[in-house]
$ cat upload16.tsv   # TSV, C-alpha atoms
chain	number	residue	atom	x	y	z
A	1	MET	CA	156.22	138.31	86.05
A	2	VAL	CA	152.98	136.73	87.25
A	3	SER	CA	149.82	138.55	88.29
A	4	VAL	CA	148.57	138.05	91.84
A	5	LEU	CA	144.92	136.99	92.04
A	6	ASN	CA	142.53	138.05	94.79
A	7	ILE	CA	140.06	135.76	96.56
A	8	LYS	CA	137.41	136.67	93.98
A	9	GLY	CA	139.53	135.26	91.17
A	10	ASN	CA	140.33	138.64	89.60
A	11	LYS	CA	143.79	139.98	88.80
A	12	THR	CA	145.13	142.62	91.15
A	13	LYS	CA	147.50	145.43	90.28
A	14	ARG	CA	150.33	143.58	92.01
A	15	THR	CA	152.72	141.30	90.14
A	16	VAL	CA	155.47	139.06	91.46
A	17	GLU	CA	158.65	137.92	89.82
A	18	LEU	CA	158.97	134.15	89.73
A	19	PRO	CA	161.89	132.78	91.77
A	20	PRO	CA	164.77	131.07	89.91
A	21	VAL	CA	163.53	127.69	91.17
A	22	PHE	CA	160.78	127.81	88.53
A	23	ASP	CA	163.46	127.74	85.81
A	24	THR	CA	164.76	124.32	86.93
A	25	GLU	CA	164.97	121.63	84.25
A	26	TYR	CA	162.13	119.09	84.26
A	27	ARG	CA	163.59	115.74	85.40
A	28	PRO	CA	160.85	113.07	85.69
A	29	ASP	CA	163.44	110.34	86.34
A	30	VAL	CA	164.86	112.11	89.40
A	31	ILE	CA	161.37	113.01	90.66
A	32	ARG	CA	160.21	109.37	90.52
A	33	ARG	CA	163.30	108.22	92.41
A	34	ALA	CA	162.78	110.86	95.12
A	35	VAL	CA	159.12	109.86	95.52
A	36	LEU	CA	160.13	106.21	95.88
A	37	SER	CA	162.69	107.21	98.51
A	38	GLU	CA	160.10	109.18	100.50
A	39	GLN	CA	157.57	106.34	100.31
A	40	THR	CA	160.00	103.65	101.48
A	41	LYS	CA	161.10	105.77	104.45
A	42	GLN	CA	157.54	105.48	105.79
A	43	LYS	CA	157.68	101.68	105.85
A	44	GLN	CA	158.23	99.90	109.15
A	45	PRO	CA	160.76	97.01	109.26
A	46	GLN	CA	159.29	93.68	110.33
A	47	GLY	CA	160.96	90.49	111.52
A	48	ARG	CA	160.55	87.40	113.72
A	49	PHE	CA	161.97	86.37	117.08
A	50	PRO	CA	165.09	84.30	116.18
A	51	LEU	CA	164.06	81.43	118.52
A	52	ALA	CA	160.39	81.38	117.52
A	53	GLY	CA	159.25	77.75	117.11
A	54	ARG	CA	162.53	76.40	118.53
A	55	LEU	CA	161.91	76.73	122.28
A	56	THR	CA	161.18	73.04	122.79
A	57	THR	CA	163.09	69.86	123.77
A	58	ALA	CA	161.79	67.82	120.82
A	59	SER	CA	164.15	65.41	119.12
A	60	SER	CA	163.99	62.72	116.45
A	61	LEU	CA	163.43	59.08	117.45
A	62	GLY	CA	165.72	57.94	114.64
A	63	PRO	CA	165.27	55.32	111.92
A	64	GLY	CA	163.80	51.83	112.15
A	65	ARG	CA	160.46	52.71	113.78
A	66	GLY	CA	158.29	53.01	110.67
A	67	ILE	CA	157.59	56.72	111.26
A	68	ALA	CA	159.02	59.94	109.89
A	69	LYS	CA	162.30	61.08	111.41
A	70	ILE	CA	161.05	64.59	112.24
A	71	PRO	CA	161.68	65.83	115.80
A	72	ARG	CA	158.92	64.91	118.27
A	73	THR	CA	158.04	66.14	121.73
A	74	HIS	CA	158.94	63.98	124.74
A	75	GLY	CA	156.88	62.83	127.69
A	76	SER	CA	153.94	60.52	128.16
A	77	GLY	CA	150.36	60.90	129.25
A	78	THR	CA	150.00	64.37	127.72
A	79	PRO	CA	148.03	65.24	124.54
A	80	SER	CA	151.14	66.77	122.94
A	81	ALA	CA	153.45	63.84	123.63
A	82	GLY	CA	155.00	62.47	120.47
A	83	ARG	CA	153.76	65.34	118.36
A	84	GLY	CA	156.03	66.79	115.66
A	85	ALA	CA	157.82	70.04	116.49
A	86	LEU	CA	160.72	72.35	115.57
A	87	VAL	CA	160.69	71.97	111.77
A	88	HIS	CA	158.64	74.19	109.45
A	89	SER	CA	156.24	71.41	108.38
A	90	THR	CA	154.86	70.94	111.92
A	91	VAL	CA	152.28	72.84	113.93
A	92	GLY	CA	154.02	75.52	115.98
A	93	GLY	CA	157.35	74.93	114.26
A	94	ARG	CA	159.71	77.56	112.91
A	95	MET	CA	159.10	79.43	109.66
A	96	LEU	CA	161.08	78.26	106.64
A	97	PHE	CA	162.27	81.72	105.54
A	98	PRO	CA	161.07	84.29	108.13
A	99	PRO	CA	161.26	88.00	107.23
A	100	SER	CA	164.42	89.65	108.51
A	101	PRO	CA	164.39	93.06	110.24
A	102	ASP	CA	167.82	93.69	108.70
A	103	LYS	CA	166.44	93.72	105.16
A	104	VAL	CA	167.13	97.03	103.38
A	105	ILE	CA	163.75	98.48	102.44
A	106	VAL	CA	164.72	102.15	102.05
A	107	GLU	CA	165.60	103.54	98.63
A	108	LYS	CA	168.52	105.86	99.34
A	109	ILE	CA	169.01	109.10	97.45
A	110	ASN	CA	171.69	111.79	97.62
A	111	LYS	CA	170.78	115.08	99.29
A	112	LYS	CA	171.62	117.14	96.21
A	113	GLU	CA	169.65	114.76	94.00
A	114	HIS	CA	166.63	114.97	96.30
A	115	LYS	CA	166.83	118.77	96.30
A	116	LEU	CA	166.99	118.74	92.50
A	117	ALA	CA	163.86	116.58	92.44
A	118	LEU	CA	162.01	119.02	94.71
A	119	MET	CA	163.04	122.03	92.61
A	120	SER	CA	162.13	120.21	89.39
A	121	ALA	CA	158.70	119.27	90.81
A	122	ILE	CA	158.10	122.91	91.78
A	123	ALA	CA	159.08	124.11	88.29
A	124	ALA	CA	156.74	121.56	86.68
A	125	THR	CA	153.70	123.23	88.28
A	126	LYS	CA	153.97	126.15	85.85
A	127	GLU	CA	153.87	123.97	82.71
A	128	LYS	CA	150.28	123.93	81.47
A	129	GLU	CA	150.79	120.96	79.16
A	130	LEU	CA	152.23	118.80	81.94
A	131	VAL	CA	149.41	119.72	84.34
A	132	GLU	CA	146.78	118.85	81.73
A	133	ARG	CA	148.56	115.59	80.86
A	134	ARG	CA	148.35	114.60	84.52
A	135	GLY	CA	144.55	114.71	84.28
A	136	HIS	CA	143.69	118.02	85.95
A	137	ARG	CA	140.83	120.05	84.50
A	138	PHE	CA	140.74	123.83	84.67
A	139	SER	CA	139.78	126.91	82.71
A	140	GLU	CA	141.66	127.54	79.46
A	141	LYS	CA	142.26	131.16	80.50
A	142	LEU	CA	144.04	130.06	83.66
A	143	GLN	CA	147.56	131.42	84.14
A	144	LEU	CA	150.12	129.09	85.69
A	145	PRO	CA	151.61	129.13	88.23
A	146	LEU	CA	148.57	130.21	90.25
A	147	VAL	CA	149.53	132.90	92.77
A	148	ILE	CA	146.84	134.18	95.14
A	149	GLU	CA	146.98	136.90	97.77
A	150	THR	CA	147.92	135.93	101.32
A	151	LYS	CA	144.44	136.88	102.56
A	152	PHE	CA	143.32	133.48	101.25
A	153	THR	CA	144.91	131.80	104.31
A	154	GLU	CA	142.44	133.55	106.65
A	155	VAL	CA	139.38	131.77	105.23
A	156	GLU	CA	137.75	129.58	107.89
A	157	ARG	CA	134.75	128.00	106.14
A	158	THR	CA	134.83	125.12	103.67
A	159	ALA	CA	132.09	126.65	101.51
A	160	GLU	CA	134.15	129.83	101.11
A	161	VAL	CA	137.25	127.84	100.12
A	162	LYS	CA	135.23	125.98	97.49
A	163	SER	CA	133.75	129.18	96.04
A	164	ILE	CA	137.22	130.81	95.88
A	165	LEU	CA	138.72	127.82	94.08
A	166	GLU	CA	135.79	127.85	91.63
A	167	SER	CA	136.33	131.56	90.99
A	168	LEU	CA	139.98	130.78	90.19
A	169	GLY	CA	138.80	128.36	87.48
A	170	LEU	CA	139.30	125.09	89.37
A	171	GLY	CA	135.64	124.11	89.68
A	172	GLU	CA	135.94	121.38	87.06
A	173	ASP	CA	138.87	119.82	88.90
A	174	LEU	CA	136.91	119.79	92.18
A	175	GLU	CA	134.05	117.93	90.46
A	176	ARG	CA	136.53	115.41	89.08
A	177	CYS	CA	137.58	114.51	92.64
A	178	ASN	CA	134.05	114.05	94.00
A	179	GLY	CA	133.61	110.42	92.93
A	180	ARG	CA	135.42	107.44	94.37
A	181	LYS	CA	136.03	103.94	93.05
A	182	ILE	CA	136.42	100.59	94.77
A	183	ARG	CA	140.01	99.43	94.67
A	184	ALA	CA	140.87	96.24	92.81
A	185	GLY	CA	142.69	93.51	94.69
A	186	LYS	CA	143.41	92.67	98.32
A	187	GLY	CA	143.65	96.30	99.39
A	188	LYS	CA	139.87	96.29	99.81
A	189	ARG	CA	140.23	94.31	103.03
A	190	ARG	CA	143.30	96.15	104.28
A	191	GLY	CA	141.80	99.49	105.17
A	192	ARG	CA	142.05	101.12	101.72
A	193	LYS	CA	138.85	100.01	100.00
A	194	TYR	CA	138.24	103.20	98.03
A	195	ARG	CA	140.38	105.22	95.64
A	196	ARG	CA	139.90	108.93	95.04
A	197	LYS	CA	141.47	111.22	92.46
A	198	THR	CA	144.06	113.79	93.54
A	199	GLY	CA	142.96	117.42	93.31
A	200	PRO	CA	144.61	120.83	93.76
A	201	LEU	CA	147.43	121.42	96.24
A	202	ILE	CA	147.52	124.68	98.21
A	203	VAL	CA	150.93	125.74	99.54
A	204	VAL	CA	150.96	128.18	102.48
A	205	LYS	CA	153.81	129.72	104.44
A	206	GLU	CA	152.73	128.57	107.92
A	207	SER	CA	149.87	126.86	109.74
A	208	CYS	CA	146.59	128.73	109.26
A	209	ALA	CA	142.80	128.41	109.39
A	210	LEU	CA	142.72	127.40	105.73
A	211	SER	CA	144.22	123.99	106.54
A	212	LYS	CA	141.15	122.92	108.51
A	213	ALA	CA	138.67	124.63	106.18
A	214	ALA	CA	139.96	122.85	103.06
A	215	SER	CA	140.26	119.42	104.69
A	216	ASN	CA	136.62	118.57	103.87
A	217	LEU	CA	137.07	119.15	100.15
A	218	PRO	CA	137.78	115.82	98.38
A	219	GLY	CA	141.19	115.73	96.73
A	220	VAL	CA	142.28	119.16	98.04
A	221	GLU	CA	145.34	119.36	100.30
A	222	VAL	CA	146.97	122.24	102.17
A	223	VAL	CA	150.66	121.98	103.05
A	224	GLU	CA	153.11	124.32	104.75
A	225	LEU	CA	156.16	125.30	102.76
A	226	LYS	CA	158.56	123.80	105.33
A	227	HIS	CA	156.72	120.46	105.03
A	228	LEU	CA	156.56	120.47	101.23
A	229	ARG	CA	157.77	117.13	99.85
A	230	VAL	CA	158.26	115.78	96.35
A	231	GLU	CA	155.44	113.26	96.85
A	232	LYS	CA	152.96	116.08	97.51
A	233	LEU	CA	153.90	117.82	94.25
A	234	ALA	CA	154.11	114.53	92.32
A	235	PRO	CA	151.72	111.95	93.82
A	236	GLY	CA	152.68	108.48	92.64
A	237	GLY	CA	155.76	109.91	90.92
A	238	ASP	CA	153.73	111.86	88.32
A	239	ALA	CA	154.81	115.51	88.48
A	240	ALA	CA	152.95	118.73	87.60
A	241	ARG	CA	150.17	118.66	90.18
A	242	LEU	CA	147.77	121.60	89.95
A	243	THR	CA	149.16	123.89	92.67
A	244	VAL	CA	147.99	127.17	94.21
A	245	TRP	CA	150.78	129.29	95.74
A	246	THR	CA	150.15	132.11	98.20
A	247	GLU	CA	151.98	135.38	97.62
A	248	ASP	CA	154.17	135.10	100.74
A	249	VAL	CA	155.27	131.59	99.70
A	250	ILE	CA	156.59	132.94	96.38
A	251	GLU	CA	158.72	135.42	98.33
A	252	GLU	CA	160.10	132.60	100.48
A	253	LEU	CA	160.93	130.52	97.40
A	254	LYS	CA	163.30	133.27	96.26
A	255	LYS	CA	165.63	132.18	99.04
A	256	MET	CA	165.79	128.63	97.65
A	257	GLU	CA	168.98	127.85	95.77
$ encode --input "upload16.tsv" --output "structure tokens"
Amino acid sequence: MVSVLNIKGNKTKRTVELPPVFDTEYRPDVIRRAVLSEQTKQKQPQGRFPLAGRLTTASSLGPGRGIAKIPRTHGSGTPSAGRGALVHSTVGGRMLFPPSPDKVIVEKINKKEHKLALMSAIAATKEKELVERRGHRFSEKLQLPLVIETKFTEVERTAEVKSILESLGLGEDLERCNGRKIRAGKGKRRGRKYRRKTGPLIVVKESCALSKAASNLPGVEVVELKHLRVEKLAPGGDAARLTVWTEDVIEELKKME
């Protein structure tokens, strides 16, 4: 049994029984594989036009002329006449090994295995040692999993969301996510210059005002139960993310088998 907290961070008289999904065995190997599968499904296949660089009438002049035997364009009186073409070492020629759109870039995973990963990631959120090992900071008196009353979903202001999370004992974790660092490597010039730490995850039953109110808090995410994925519970494949569950979500999880 777990006590339900109110929006002031105090325990209420209500308690909820944890669903059987929280008793699932912790499987970090399966979780990492499921995260990899979800990440690769977001990639877009890329390829080249099969005739790119080959739509020309260039041909080789043959041996005995004192020049390379690469194919050259025909004609006379034009700037491009006699210029190399077709092969990969020429300007406008074909690529040597162009990327193929048929390349398999998706990591496949069985449905039952993926479901096991999701259940294992949910169960990991109640293990205090795993949550601390992941880098989250919170009050020592905090009881996991964190279950808060459904009234929390009606909050519409960011300042109120922040004060509620601080009253729950997550203020230290919010401060941890405030800073950002410049990424090392080429990603700086590819639209992902900065890196920010991952903060608490709030799971709600359906779309609500809380989703917009919490969007301005660095590191904090709000996700609907039907859209809950393994990657949200285990960013980067590391499970046991600090998670706040609403009371109605716990009731819905009882139906999960």
$ atom_distance --input "upload16.tsv" --atom1 "CA of Glu140 in chain A" --atom2 "CA of Thr198 in chain A"
19.8 Å
$ residues_around --input "upload16.tsv" --residues "Arg48 in chain A" --least-positions-apart "5" --cutoff "12 Å" --atoms "only C-alpha atoms" --output "list of chain:residue names"
A:Gly53, A:Arg94, A:Met95, A:Leu96, A:Phe97, A:Pro98, A:Pro99, A:Ser100, A:Pro101, A:Asp102
$ atom_distance --input "upload16.tsv" --atom1 "CA of Ile148 in chain A" --atom2 "CA of Ala117 in chain A"
24.6 Å
$ atom_distance --input "upload16.tsv" --atom1 "CA of Cys177 in chain A" --atom2 "CA of Val220 in chain A"
8.5 Å
$ residues_around --input "upload16.tsv" --residues "Arg241 in chain A" --least-positions-apart "2" --cutoff "9 Å" --atoms "all atoms listed in the file" --output "PyMOL selection string"
chain A and resi 121+124-125+130-131+134+136+198-201+232-235+238-239+243
$ closest_atom_pairs --input "upload16.tsv" --of "range 111-228 of chain A" --to "range 38-41 of chain A" --cutoff "12 Å" --atoms "all atoms listed in the file" --output "JSON lines"
{"residue": "A:His114", "atom": "CA", "partner": "A:Glu38", "partner_atom": "CA", "distance": 9.7}
{"residue": "A:Ala117", "atom": "CA", "partner": "A:Glu38", "partner_atom": "CA", "distance": 11.6}
{"residue": "A:Leu118", "atom": "CA", "partner": "A:Glu38", "partner_atom": "CA", "distance": 11.6}
{"residue": "A:Leu228", "atom": "CA", "partner": "A:Glu38", "partner_atom": "CA", "distance": 11.9}
$ axis_aligned_box --input "upload16.tsv" --around "range 56-60 of chain A" --padding-each-side "3 Å" --output "JSON"
{"center_x": 162.7, "center_y": 67.9, "center_z": 120.1, "size_x": 9.0, "size_y": 16.3, "size_z": 13.3}
$ closest_residue --input "upload16.tsv" --among "A:Gly84, A:Lys103, A:Asp23, A:Cys208" --to "Phe152 in chain A" --atoms "all atoms listed in the file"
A:Cys208
$ closest_residue --input "upload16.tsv" --among "A:Glu127, A:Glu113, A:Glu175, A:Glu231" --to "Phe22 in chain A" --atoms "all atoms listed in the file"
A:Glu127
$ closest_residue --input "upload16.tsv" --among "A:Leu18, A:Glu149, A:Leu174, A:Ala123" --to "Lys255 in chain A" --atoms "only C-alpha atoms"
A:Leu18
$ residues_around --input "upload16.tsv" --residues "Val249 in chain A" --least-positions-apart "5" --cutoff "12 Å" --atoms "only C-alpha atoms" --output "count of residues only"
23
$ decode --input "upload16.tsv" --residues "range 175-216 of chain A" --atoms "N, CA and C atoms" --output "short mmCIF file (atom, residue, chain, number, x, y, z; two decimals), in the first residue's frame"
data_model
loop_
_atom_site.label_atom_id
_atom_site.label_comp_id
_atom_site.auth_asym_id
_atom_site.auth_seq_id
_atom_site.Cartn_x
_atom_site.Cartn_y
_atom_site.Cartn_z
N GLU A 175 16.49 21.99 -9.53
CA GLU A 175 17.69 22.83 -9.62
C GLU A 175 18.76 22.15 -10.46
N ARG A 176 18.86 20.84 -10.35
CA ARG A 176 19.86 20.09 -11.11
C ARG A 176 19.65 20.25 -12.62
N CYS A 177 18.40 20.45 -13.03
CA CYS A 177 18.09 20.53 -14.46
C CYS A 177 18.15 21.95 -15.01
N ASN A 178 18.41 22.93 -14.15
CA ASN A 178 18.40 24.32 -14.61
C ASN A 178 19.54 24.63 -15.58
N GLY A 179 20.75 24.12 -15.29
CA GLY A 179 21.89 24.44 -16.13
C GLY A 179 21.87 23.66 -17.44
N ARG A 180 22.66 24.12 -18.38
CA ARG A 180 22.82 23.42 -19.65
C ARG A 180 24.28 23.51 -20.08
N LYS A 181 24.74 22.51 -20.81
CA LYS A 181 26.13 22.46 -21.24
C LYS A 181 26.19 22.40 -22.77
N ILE A 182 27.29 22.93 -23.31
CA ILE A 182 27.49 22.87 -24.76
C ILE A 182 27.94 21.47 -25.14
N ARG A 183 27.29 20.91 -26.12
CA ARG A 183 27.59 19.56 -26.56
C ARG A 183 28.97 19.49 -27.20
N ALA A 184 29.66 18.38 -27.00
CA ALA A 184 30.93 18.16 -27.65
C ALA A 184 30.70 17.52 -29.02
N GLY A 185 31.49 17.93 -30.00
CA GLY A 185 31.40 17.29 -31.31
C GLY A 185 30.60 18.08 -32.33
N LYS A 186 30.26 17.40 -33.43
CA LYS A 186 29.62 18.05 -34.57
C LYS A 186 28.16 18.42 -34.32
N GLY A 187 27.58 17.83 -33.26
CA GLY A 187 26.17 18.12 -32.98
C GLY A 187 25.91 19.59 -32.72
N LYS A 188 26.95 20.34 -32.37
CA LYS A 188 26.79 21.77 -32.11
C LYS A 188 26.28 22.52 -33.34
N ARG A 189 26.64 22.04 -34.51
CA ARG A 189 26.20 22.74 -35.73
C ARG A 189 25.09 21.98 -36.45
N ARG A 190 24.43 21.09 -35.73
CA ARG A 190 23.34 20.33 -36.33
C ARG A 190 22.05 20.49 -35.55
N GLY A 191 21.88 21.64 -34.92
CA GLY A 191 20.62 21.95 -34.26
C GLY A 191 20.48 21.40 -32.86
N ARG A 192 21.56 20.86 -32.27
CA ARG A 192 21.49 20.34 -30.90
C ARG A 192 22.73 20.78 -30.14
N LYS A 193 22.91 22.09 -30.06
CA LYS A 193 24.12 22.66 -29.47
C LYS A 193 24.21 22.39 -27.98
N TYR A 194 23.07 22.45 -27.29
CA TYR A 194 23.08 22.36 -25.82
C TYR A 194 22.54 21.02 -25.33
N ARG A 195 23.05 20.60 -24.19
CA ARG A 195 22.56 19.40 -23.51
C ARG A 195 22.01 19.79 -22.15
N ARG A 196 20.87 19.19 -21.80
CA ARG A 196 20.26 19.49 -20.51
C ARG A 196 19.94 18.18 -19.80
N LYS A 197 20.05 18.18 -18.49
CA LYS A 197 19.77 16.97 -17.71
C LYS A 197 18.28 16.65 -17.72
N THR A 198 17.96 15.38 -17.56
CA THR A 198 16.57 14.91 -17.56
C THR A 198 16.02 14.96 -16.14
N GLY A 199 14.86 15.57 -15.98
CA GLY A 199 14.25 15.72 -14.66
C GLY A 199 13.08 14.77 -14.45
N PRO A 200 12.16 15.13 -13.56
CA PRO A 200 11.03 14.26 -13.23
C PRO A 200 10.07 14.06 -14.41
N LEU A 201 9.43 12.90 -14.43
CA LEU A 201 8.40 12.59 -15.41
C LEU A 201 7.06 12.50 -14.68
N ILE A 202 6.05 13.18 -15.22
CA ILE A 202 4.71 13.16 -14.63
C ILE A 202 3.79 12.39 -15.57
N VAL A 203 3.18 11.33 -15.08
CA VAL A 203 2.30 10.49 -15.90
C VAL A 203 0.85 10.79 -15.53
N VAL A 204 0.06 11.19 -16.52
CA VAL A 204 -1.35 11.51 -16.31
C VAL A 204 -2.21 10.56 -17.15
N LYS A 205 -3.49 10.52 -16.82
CA LYS A 205 -4.38 9.59 -17.51
C LYS A 205 -4.74 10.09 -18.91
N GLU A 206 -5.02 11.38 -19.04
CA GLU A 206 -5.42 11.96 -20.32
C GLU A 206 -4.93 13.39 -20.41
N SER A 207 -5.08 13.98 -21.59
CA SER A 207 -4.60 15.35 -21.81
C SER A 207 -5.26 16.32 -20.83
N CYS A 208 -4.44 17.22 -20.26
CA CYS A 208 -4.96 18.13 -19.23
C CYS A 208 -4.17 19.43 -19.27
N ALA A 209 -4.58 20.38 -18.42
CA ALA A 209 -3.92 21.69 -18.37
C ALA A 209 -2.49 21.58 -17.85
N LEU A 210 -2.21 20.55 -17.08
CA LEU A 210 -0.87 20.38 -16.50
C LEU A 210 0.20 20.24 -17.58
N SER A 211 -0.15 19.65 -18.72
CA SER A 211 0.83 19.42 -19.78
C SER A 211 1.45 20.73 -20.25
N LYS A 212 0.63 21.75 -20.42
CA LYS A 212 1.13 23.05 -20.88
C LYS A 212 1.83 23.79 -19.74
N ALA A 213 1.30 23.66 -18.52
CA ALA A 213 1.86 24.39 -17.39
C ALA A 213 3.26 23.91 -17.05
N ALA A 214 3.52 22.60 -17.19
CA ALA A 214 4.83 22.06 -16.83
C ALA A 214 5.84 22.12 -17.96
N SER A 215 5.41 22.54 -19.15
CA SER A 215 6.32 22.52 -20.30
C SER A 215 7.45 23.54 -20.18
N ASN A 216 7.28 24.57 -19.33
CA ASN A 216 8.31 25.59 -19.17
C ASN A 216 9.31 25.25 -18.08
#
